[in-house]
Amino acid sequence: MSRGTSGISQVLVLLERIEGTLSGAQAELLTLAERLGDVSVVTGASGEAAGDALSIRGVREVYVGDGEITPPDGALVDLLETAVKESEASVVLGVDVPDAVDALARLSVRLDAGIITSATGIDVDGTVSKPVLAGEHTCVARAGQGPLIATVKPNSVEAITEKGARPELTSLPVKPSPAFEVLETAPLPTSGRPPLTEARVVIAAGRGVDGDLSLVEQLADELGAAIGASRAVTDAGWIDHSAQIGQTGVTVSPQLYISVGISGAIQQKSGMQTSDVIVAINKDEDAPVFEIADYGVVGDLNEVLPQMIEELRARKG
């Protein structure tokens, strides 16, 4: 369906934060938006930071507030609502992360519109695809009224962005909420690895590592992977709770997911089943994880991982 007819024509993308350069998930979102129609962006970042990062082909206008608006400041929803009216957007997109989901859900209430979270695809006719029931099925849905509001899971689109002219900056009359004050900001500790929810390769550690993640870390370094874990591992304090994958943790959809010493109970399965390729390593041949794995290795991880690491290093020469 062509633009400007009954298909999506005006697309507003929420980038609640911009940290110097766009993240992989933000670049993916802009790639998807450009396929759907004319793209404008709304962000809580300053105009200068937004203009520098968003000098990308296809981004025509950027809406900012009167001052930086940092989630969870409720003024971000005011900014969104104003930007929707200014842009006459028929679709509003955000990355499927907590801050964006929260802001867009509140926007949907204000606009009396539908919201679809965890989307993996959007067509120009407004139909949205998303995994449901722990990834066992794919649901196709469409908003019944108002603009389509959707959040898109990272790694659902291949990011293809090109440098372009600096977009037009429009400052909207929305100030940070006086009821919200940022007392301090500090950068998160960096490991040199990609963010877990955006990584194209994820190595997940389970109880089988017995508190020693050194081999998992070496394998992750060779593959440029993020490290995740089961609840048992985070509860034991072997790794931070932010690394937990599963029903009560984060959901990941990498191109390659390697499960190391994880049984694969349903709670963990729900957080990774939509991965493109799943490799399971477990010494228990009856472990549930093998039921969903594309490739399985029955063996002791302390014997299997060193061989994988050695082979990867040999191939790099």
# chains A, B, ... in the order shown; residues from 1 in each chain; ligands from 1
>>> residues_around(residues="Glu291 (chain A)", least_positions_apart="5", cutoff="10 Å", atoms="only C-alpha atoms", output="number ranges by chain")
A: 264, 280, 286, 296
>>> residues_around(residues="region 204-212 of chain A", least_positions_apart="4", cutoff="6 Å", atoms="only C-alpha atoms", output="list in words")
Ile227, Gly228, Ala229, Ser230, Val233, Trp238, Ser259, Val260, Gly261 and Ile262 of chain A
>>> closest_residue(among="A:Val202, A:Val62, A:Ile115, A:Ala179", to="Arg142 (chain A)", atoms="only C-alpha atoms")
A:Ile115
>>> residues_around(residues="Ser108 (chain A)", least_positions_apart="2", cutoff="10 Å", atoms="only C-alpha atoms", output="list in words")
Val77, Glu81, Val92, Ala103, Leu104, Ala105, Arg106, Arg110, Leu111, Asp112, Ala113, Gly114, Ile115, Ile116, Gly146, Pro147, Leu148, Ile149 and Ala150 of chain A
>>> write_last_selection(atoms="N, CA and C atoms", output="PDB file, in the first residue's frame")
ATOM      1  N   VAL A  77       5.168  12.313  28.691  1.00  0.00           N
ATOM      2  CA  VAL A  77       3.880  11.988  28.074  1.00  0.00           C
ATOM      3  C   VAL A  77       3.232  13.253  27.525  1.00  0.00           C
ATOM      4  N   GLU A  81       2.227  13.693  23.639  1.00  0.00           N
ATOM      5  CA  GLU A  81       0.870  14.070  23.217  1.00  0.00           C
ATOM      6  C   GLU A  81       0.899  15.314  22.332  1.00  0.00           C
ATOM      7  N   VAL A  92       2.742   5.741  16.192  1.00  0.00           N
ATOM      8  CA  VAL A  92       3.768   6.161  17.140  1.00  0.00           C
ATOM      9  C   VAL A  92       4.535   4.916  17.563  1.00  0.00           C
ATOM     10  N   ALA A 103       5.663   5.208  28.943  1.00  0.00           N
ATOM     11  CA  ALA A 103       5.220   6.478  28.366  1.00  0.00           C
ATOM     12  C   ALA A 103       4.156   6.276  27.294  1.00  0.00           C
ATOM     13  N   LEU A 104       4.353   5.283  26.438  1.00  0.00           N
ATOM     14  CA  LEU A 104       3.399   5.064  25.347  1.00  0.00           C
ATOM     15  C   LEU A 104       2.084   4.474  25.849  1.00  0.00           C
ATOM     16  N   ALA A 105       2.131   3.677  26.904  1.00  0.00           N
ATOM     17  CA  ALA A 105       0.891   3.160  27.482  1.00  0.00           C
ATOM     18  C   ALA A 105       0.049   4.300  28.058  1.00  0.00           C
ATOM     19  N   ARG A 106       0.708   5.246  28.716  1.00  0.00           N
ATOM     20  CA  ARG A 106      -0.011   6.393  29.257  1.00  0.00           C
ATOM     21  C   ARG A 106      -0.536   7.288  28.137  1.00  0.00           C
ATOM     22  N   ARG A 110      -4.543   8.571  27.124  1.00  0.00           N
ATOM     23  CA  ARG A 110      -4.930   9.952  26.829  1.00  0.00           C
ATOM     24  C   ARG A 110      -5.607  10.081  25.469  1.00  0.00           C
ATOM     25  N   LEU A 111      -5.113   9.317  24.494  1.00  0.00           N
ATOM     26  CA  LEU A 111      -5.641   9.434  23.128  1.00  0.00           C
ATOM     27  C   LEU A 111      -6.772   8.452  22.847  1.00  0.00           C
ATOM     28  N   ASP A 112      -7.108   7.632  23.849  1.00  0.00           N
ATOM     29  CA  ASP A 112      -8.120   6.599  23.669  1.00  0.00           C
ATOM     30  C   ASP A 112      -7.781   5.729  22.463  1.00  0.00           C
ATOM     31  N   ALA A 113      -6.506   5.326  22.417  1.00  0.00           N
ATOM     32  CA  ALA A 113      -6.001   4.543  21.281  1.00  0.00           C
ATOM     33  C   ALA A 113      -5.463   3.207  21.772  1.00  0.00           C
ATOM     34  N   GLY A 114      -5.309   2.268  20.855  1.00  0.00           N
ATOM     35  CA  GLY A 114      -4.755   0.972  21.220  1.00  0.00           C
ATOM     36  C   GLY A 114      -3.238   0.995  21.253  1.00  0.00           C
ATOM     37  N   ILE A 115      -2.649   0.126  22.067  1.00  0.00           N
ATOM     38  CA  ILE A 115      -1.200  -0.027  22.095  1.00  0.00           C
ATOM     39  C   ILE A 115      -0.865  -1.510  21.965  1.00  0.00           C
ATOM     40  N   ILE A 116       0.158  -1.809  21.156  1.00  0.00           N
ATOM     41  CA  ILE A 116       0.623  -3.180  20.959  1.00  0.00           C
ATOM     42  C   ILE A 116       2.093  -3.199  21.339  1.00  0.00           C
ATOM     43  N   GLY A 146      -7.971   5.397  16.848  1.00  0.00           N
ATOM     44  CA  GLY A 146      -6.870   6.300  17.160  1.00  0.00           C
ATOM     45  C   GLY A 146      -5.614   5.915  16.415  1.00  0.00           C
ATOM     46  N   PRO A 147      -4.514   6.615  16.669  1.00  0.00           N
ATOM     47  CA  PRO A 147      -3.257   6.244  16.018  1.00  0.00           C
ATOM     48  C   PRO A 147      -2.770   4.890  16.535  1.00  0.00           C
ATOM     49  N   LEU A 148      -2.048   4.172  15.689  1.00  0.00           N
ATOM     50  CA  LEU A 148      -1.422   2.930  16.128  1.00  0.00           C
ATOM     51  C   LEU A 148      -0.231   3.278  17.013  1.00  0.00           C
ATOM     52  N   ILE A 149      -0.196   2.733  18.213  1.00  0.00           N
ATOM     53  CA  ILE A 149       0.919   2.928  19.126  1.00  0.00           C
ATOM     54  C   ILE A 149       1.543   1.557  19.372  1.00  0.00           C
ATOM     55  N   ALA A 150       2.845   1.434  19.121  1.00  0.00           N
ATOM     56  CA  ALA A 150       3.482   0.120  19.239  1.00  0.00           C
ATOM     57  C   ALA A 150       4.915   0.251  19.725  1.00  0.00           C
TER      58      ALA A 150
END
>>> closest_residue(among="A:Ile281, A:Leu14, A:Val128, A:Ile160", to="Asp102 (chain A)", atoms="only C-alpha atoms")
A:Leu14
>>> atom_distance(atom1="CA of Ala186 (chain A)", atom2="CA of Glu68 (chain A)")
16.0 Å
>>> select_by_dssp(residues="region 59-300 of chain A", states="helix (DSSP H, G or I)", output="number ranges by chain")
A: 75-87, 98-111, 207-209, 214-223, 231-235, 241-243, 266-269, 288-291
>>> closest_residue(among="A:Val157, A:Met272, A:Val277, A:Val59", to="Glu34 (chain A)", atoms="only C-alpha atoms")
A:Val59
>>> select_by_dssp(residues="region 133-251 of chain A", states="strand (DSSP E or B)", output="number ranges by chain")
A: 137-141, 148-152, 163, 168-171, 201-205, 226-229, 244-245, 250
>>> write_last_selection(atoms="N, CA and C atoms", output="tab-separated table (two decimals), in the first residue's frame")
chain	number	residue	atom	x	y	z
A	137	HIS	N	3.37	-18.92	19.55
A	137	HIS	CA	2.53	-18.51	18.44
A	137	HIS	C	2.84	-17.06	18.06
A	138	THR	N	2.44	-16.68	16.85
A	138	THR	CA	2.55	-15.30	16.40
A	138	THR	C	1.15	-14.73	16.25
A	139	CYS	N	0.93	-13.57	16.84
A	139	CYS	CA	-0.36	-12.89	16.76
A	139	CYS	C	-0.25	-11.73	15.78
A	140	VAL	N	-1.25	-11.56	14.94
A	140	VAL	CA	-1.33	-10.42	14.02
A	140	VAL	C	-2.50	-9.56	14.46
A	141	ALA	N	-2.24	-8.27	14.73
A	141	ALA	CA	-3.27	-7.40	15.28
A	141	ALA	C	-3.24	-6.04	14.61
A	148	LEU	N	-2.05	4.17	15.69
A	148	LEU	CA	-1.42	2.93	16.13
A	148	LEU	C	-0.23	3.28	17.01
A	149	ILE	N	-0.20	2.73	18.21
A	149	ILE	CA	0.92	2.93	19.13
A	149	ILE	C	1.54	1.56	19.37
A	150	ALA	N	2.85	1.43	19.12
A	150	ALA	CA	3.48	0.12	19.24
A	150	ALA	C	4.91	0.25	19.73
A	151	THR	N	5.36	-0.75	20.47
A	151	THR	CA	6.77	-0.85	20.83
A	151	THR	C	7.35	-2.05	20.09
A	152	VAL	N	8.58	-1.92	19.63
A	152	VAL	CA	9.21	-2.92	18.77
A	152	VAL	C	10.39	-3.56	19.48
A	163	LYS	N	23.72	8.65	6.70
A	163	LYS	CA	23.82	10.05	7.10
A	163	LYS	C	22.98	10.92	6.17
A	168	GLU	N	15.02	19.37	10.93
A	168	GLU	CA	14.45	20.58	11.51
A	168	GLU	C	14.12	20.32	12.98
A	169	LEU	N	14.54	21.21	13.85
A	169	LEU	CA	14.26	21.08	15.28
A	169	LEU	C	13.08	21.97	15.66
A	170	THR	N	12.10	21.38	16.32
A	170	THR	CA	10.93	22.13	16.77
A	170	THR	C	10.82	22.01	18.28
A	171	SER	N	10.91	23.13	18.96
A	171	SER	CA	10.81	23.14	20.42
A	171	SER	C	9.34	23.32	20.80
A	201	VAL	N	24.05	-11.69	19.85
A	201	VAL	CA	24.49	-12.97	20.39
A	201	VAL	C	24.40	-12.88	21.91
A	202	VAL	N	23.79	-13.88	22.54
A	202	VAL	CA	23.65	-13.91	23.99
A	202	VAL	C	24.14	-15.26	24.51
A	203	ILE	N	25.00	-15.23	25.54
A	203	ILE	CA	25.41	-16.44	26.24
A	203	ILE	C	24.73	-16.39	27.60
A	204	ALA	N	23.92	-17.40	27.91
A	204	ALA	CA	23.18	-17.41	29.17
A	204	ALA	C	23.71	-18.52	30.08
A	205	ALA	N	24.00	-18.14	31.31
A	205	ALA	CA	24.57	-19.08	32.29
A	205	ALA	C	23.50	-19.55	33.26
A	226	ALA	N	26.58	-10.62	24.64
A	226	ALA	CA	26.14	-10.20	25.97
A	226	ALA	C	25.98	-11.44	26.84
A	227	ILE	N	26.05	-11.24	28.15
A	227	ILE	CA	25.90	-12.36	29.08
A	227	ILE	C	24.59	-12.21	29.85
A	228	GLY	N	23.80	-13.27	29.83
A	228	GLY	CA	22.57	-13.33	30.60
A	228	GLY	C	22.64	-14.48	31.59
A	229	ALA	N	21.55	-14.70	32.30
A	229	ALA	CA	21.57	-15.76	33.31
A	229	ALA	C	20.16	-16.18	33.67
A	244	GLN	N	19.13	-11.21	34.41
A	244	GLN	CA	18.17	-12.32	34.45
A	244	GLN	C	17.29	-12.35	33.20
A	245	ILE	N	17.23	-13.51	32.56
A	245	ILE	CA	16.39	-13.72	31.38
A	245	ILE	C	15.24	-14.64	31.78
A	250	VAL	N	14.28	-10.19	31.86
A	250	VAL	CA	14.15	-9.55	30.55
A	250	VAL	C	13.90	-10.60	29.47
>>> residues_around(residues="Val64 (chain A)", least_positions_apart="3", cutoff="10 Å", atoms="only C-alpha atoms", output="NGL selection string")
:A and (41-48 or 50 or 61 or 67-69 or 76 or 79-80 or 83 or 169-175)
>>> closest_residue(among="A:Ser177, A:Gln268, A:Gly246, A:Leu312", to="Leu223 (chain A)", atoms="only C-alpha atoms")
A:Leu312
>>> closest_residue(among="A:Asn302, A:Gln273, A:Glu310, A:Leu183", to="Val132 (chain A)", atoms="only C-alpha atoms")
A:Gln273
>>> closest_residue(among="A:Gly74, A:Thr251, A:Glu198, A:Glu158", to="Pro178 (chain A)", atoms="only C-alpha atoms")
A:Gly74
>>> residues_around(residues="Gly20 (chain A)", least_positions_apart="4", cutoff="9 Å", atoms="only C-alpha atoms", output="PyMOL selection string")
chain A and resi 49-50+52-53
>>> write_last_selection(atoms="N, CA and C atoms", output="mmCIF file, in the first residue's frame")
data_model
loop_
_atom_site.group_PDB
_atom_site.id
_atom_site.type_symbol
_atom_site.label_atom_id
_atom_site.label_comp_id
_atom_site.auth_asym_id
_atom_site.auth_seq_id
_atom_site.Cartn_x
_atom_site.Cartn_y
_atom_site.Cartn_z
ATOM 1 N N ALA A 49 21.860 17.687 21.176
ATOM 2 C CA ALA A 49 22.181 16.263 21.127
ATOM 3 C C ALA A 49 21.317 15.548 20.104
ATOM 4 N N ALA A 50 20.041 15.907 20.056
ATOM 5 C CA ALA A 50 19.127 15.263 19.112
ATOM 6 C C ALA A 50 19.504 15.569 17.673
ATOM 7 N N ASP A 52 22.410 16.367 16.390
ATOM 8 C CA ASP A 52 23.646 15.687 15.988
ATOM 9 C C ASP A 52 23.401 14.208 15.695
ATOM 10 N N ALA A 53 22.693 13.533 16.596
ATOM 11 C CA ALA A 53 22.497 12.086 16.460
ATOM 12 C C ALA A 53 21.516 11.729 15.359
#
>>> atom_distance(atom1="CA of Val39 (chain A)", atom2="CA of Val91 (chain A)")
10.0 Å
>>> atom_distance(atom1="CA of Pro306 (chain A)", atom2="CA of Leu215 (chain A)")
7.1 Å
>>> residues_around(residues="Leu32 (chain A)", least_positions_apart="4", cutoff="8 Å", atoms="only C-alpha atoms", output="ChimeraX atom specification")
/A:28,36,122,157
